[in-house]
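Have a look at work-v9.pdb; it's PDB, C-alpha atoms and all ligand atoms:
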```
ATOM      1  CA  MET A   1      31.628 -41.940  19.579
ATOM      2  CA  GLY A   2      28.809 -39.502  20.250
ATOM      3  CA  LYS A   3      31.203 -36.608  19.812
ATOM      4  CA  ASP A   4      32.346 -37.855  16.411
ATOM      5  CA  LYS A   5      28.789 -37.964  15.169
ATOM      6  CA  ARG A   6      28.170 -34.426  16.318
ATOM      7  CA  ASP A   7      31.292 -33.255  14.520
ATOM      8  CA  ARG A   8      30.177 -34.931  11.362
ATOM      9  CA  ASP A   9      26.735 -33.343  11.602
ATOM     10  CA  ARG A  10      28.254 -29.920  12.078
ATOM     11  CA  LYS A  11      30.385 -30.387   9.000
ATOM     12  CA  LYS A  12      27.314 -31.268   6.980
ATOM     13  CA  THR A  13      25.407 -28.178   8.021
ATOM     14  CA  THR A  14      28.297 -25.758   7.545
ATOM     15  CA  LYS A  15      27.421 -23.588   4.626
ATOM     16  CA  VAL A  16      29.788 -23.864   1.721
ATOM     17  CA  LYS A  17      30.325 -20.487   0.176
ATOM     18  CA  LYS A  18      29.949 -20.652  -3.537
ATOM     19  CA  GLN A  19      32.629 -18.856  -5.416
ATOM     20  CA  VAL A  20      30.781 -16.777  -7.941
ATOM     21  CA  LYS A  21      32.966 -15.660 -10.786
ATOM     22  CA  LYS A  22      32.294 -12.017 -11.425
ATOM     23  CA  LYS A  23      31.602 -11.322 -15.046
ATOM     24  CA  ILE A  24      33.010  -8.171 -16.475
ATOM     25  CA  CYS A  25      31.154  -6.179 -19.075
ATOM     26  CA  THR A  26      33.197  -6.574 -22.263
ATOM     27  CA  PHE A  27      32.127  -3.171 -23.541
ATOM     28  CA  CYS A  28      33.326  -1.482 -20.351
ATOM     29  CA  ALA A  29      36.563  -3.443 -20.519
ATOM     30  CA  ASN A  30      37.168  -2.382 -24.128
ATOM     31  CA  LYS A  31      35.901   1.152 -23.377
ATOM     32  CA  VAL A  32      33.295   0.936 -26.116
ATOM     33  CA  ASP A  33      30.655   3.588 -25.604
ATOM     34  CA  ASP A  34      28.352   3.217 -28.576
ATOM     35  CA  ILE A  35      27.396  -0.178 -29.861
ATOM     36  CA  ASP A  36      27.096  -0.287 -33.630
ATOM     37  CA  TYR A  37      24.013  -2.060 -34.935
ATOM     38  CA  LYS A  38      25.983  -2.995 -38.069
ATOM     39  CA  ASP A  39      28.429  -5.014 -35.976
ATOM     40  CA  VAL A  40      26.482  -8.240 -36.315
ATOM     41  CA  VAL A  41      29.333 -10.463 -35.151
ATOM     42  CA  THR A  42      29.351  -8.752 -31.751
ATOM     43  CA  LEU A  43      25.567  -8.580 -31.474
ATOM     44  CA  LYS A  44      25.168 -12.259 -32.227
ATOM     45  CA  ARG A  45      26.934 -13.043 -28.977
ATOM     46  CA  TYR A  46      24.100 -11.336 -27.116
ATOM     47  CA  VAL A  47      21.221 -13.332 -28.536
ATOM     48  CA  ASN A  48      20.376 -16.894 -27.641
ATOM     49  CA  GLU A  49      19.681 -19.787 -29.988
ATOM     50  CA  LYS A  50      16.121 -18.571 -30.508
ATOM     51  CA  HIS A  51      17.495 -15.131 -31.369
ATOM     52  CA  LYS A  52      16.084 -13.590 -28.235
ATOM     53  CA  ILE A  53      18.140 -10.937 -26.500
ATOM     54  CA  ALA A  54      20.087 -12.722 -23.802
ATOM     55  CA  ALA A  55      19.547 -11.879 -20.139
ATOM     56  CA  ARG A  56      22.084  -9.734 -18.369
ATOM     57  CA  ARG A  57      22.991 -12.483 -15.938
ATOM     58  CA  ALA A  58      23.959 -14.614 -18.912
ATOM     59  CA  THR A  59      26.013 -12.024 -20.772
ATOM     60  CA  GLY A  60      27.566 -10.185 -17.829
ATOM     61  CA  ALA A  61      27.015  -6.827 -19.458
ATOM     62  CA  CYS A  62      26.413  -3.817 -17.243
ATOM     63  CA  ALA A  63      22.996  -2.109 -17.155
ATOM     64  CA  ARG A  64      24.098   0.751 -19.357
ATOM     65  CA  HIS A  65      25.574  -1.446 -22.040
ATOM     66  CA  GLU A  66      22.740  -3.972 -21.812
ATOM     67  CA  ARG A  67      20.329  -1.208 -22.810
ATOM     68  CA  ARG A  68      22.558  -0.220 -25.702
ATOM     69  CA  ILE A  69      22.924  -3.838 -26.790
ATOM     70  CA  ALA A  70      19.136  -4.206 -26.784
ATOM     71  CA  THR A  71      18.705  -1.064 -28.880
ATOM     72  CA  ALA A  72      21.414  -2.153 -31.314
ATOM     73  CA  ILE A  73      19.863  -5.610 -31.702
ATOM     74  CA  LYS A  74      16.451  -4.094 -32.356
ATOM     75  CA  ARG A  75      17.934  -1.776 -34.972
ATOM     76  CA  ALA A  76      19.811  -4.658 -36.566
ATOM     77  CA  ARG A  77      16.582  -6.670 -36.715
ATOM     78  CA  CYS A  78      14.820  -3.807 -38.393
ATOM     79  CA  MET A  79      17.610  -3.622 -40.969
ATOM     80  CA  ALA A  80      17.311  -7.400 -41.439
ATOM     81  CA  LEU A  81      20.859  -7.970 -40.167
ATOM     82  CA  LEU A  82      19.554 -10.191 -37.388
ATOM     83  CA  SER A  83      16.456 -12.339 -37.344
ATOM     84  CA  TYR A  84      13.542 -11.784 -34.999
ATOM     85  CA  CYS A  85      12.757 -15.373 -34.288
ATOM     86  CA  THR A  86      13.634 -18.863 -35.517
ATOM     87  CA  SER A  87      11.063 -21.021 -33.748
ATOM     88  CA  ARG A  88       8.288 -20.250 -36.214
TER      89      ARG A  88
HETATM   90 ZN    ZN A 101      29.417  -1.888 -19.635
END
```
Please go through the file and, once you have read it, give me the structure as structure tokens.
Amino acid sequence: MGKDKRDRDRKKTTKVKKQVKKKICTFCANKVDDIDYKDVVTLKRYVNEKHKIAARRATGACARHERRIATAIKRARCMALLSYCTSR
């Protein structure tokens, strides 16, 4: 009886490895080098509901493309293709 309890306790404490799905940068996958600021449909996927630029962990973009996305979004905002903010 005592042994069973110990077994159960061990099972509880055993760490369960979380399977993290690795996100692939869509721009790397499609071999897109330059992100066009006029491509609003693509850029809209990288802003959240408040039109903020989405975090890299949310989009799965690589560092290089994340920077280019950010630049493209800022350019698009300046050209009034995207909005800066919707909360105000
Ligand atoms: Zn990339």
Expand the PyMOL selection byres (((chain A and resi 28-37) around 7) and not hetatm) into the explicit residue set it covers here, and present it as number ranges by chain. A: 25-27, 38-40, 68-69, 72-73, 75-76
Can you tell me which residues surround stretch 46-54 of chain A at a distance of at most 9 Å, considering all atoms listed in the file, apart from same-chain residues fewer than 2 positions away, and format the answer as an MDAnalysis selection string? chainID A and resid 42:44 56:59 69:70 73 82:87
Which residue is closest to A:Ile24? Choose from A:Cys62, A:Val41, A:Ala55, A:Met79 and count all atoms listed in the file.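 Under the stated criterion, the closest residue is A:Cys62.
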Proximity to ligand ZN 101 (chain A) - best of A:Lys22, A:Lys74, A:Arg67, A:Arg45, only C-alpha atoms and all ligand atoms: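 The shortest atom-to-atom distance to ligand ZN 101 (chain A) comes from A:Arg67.
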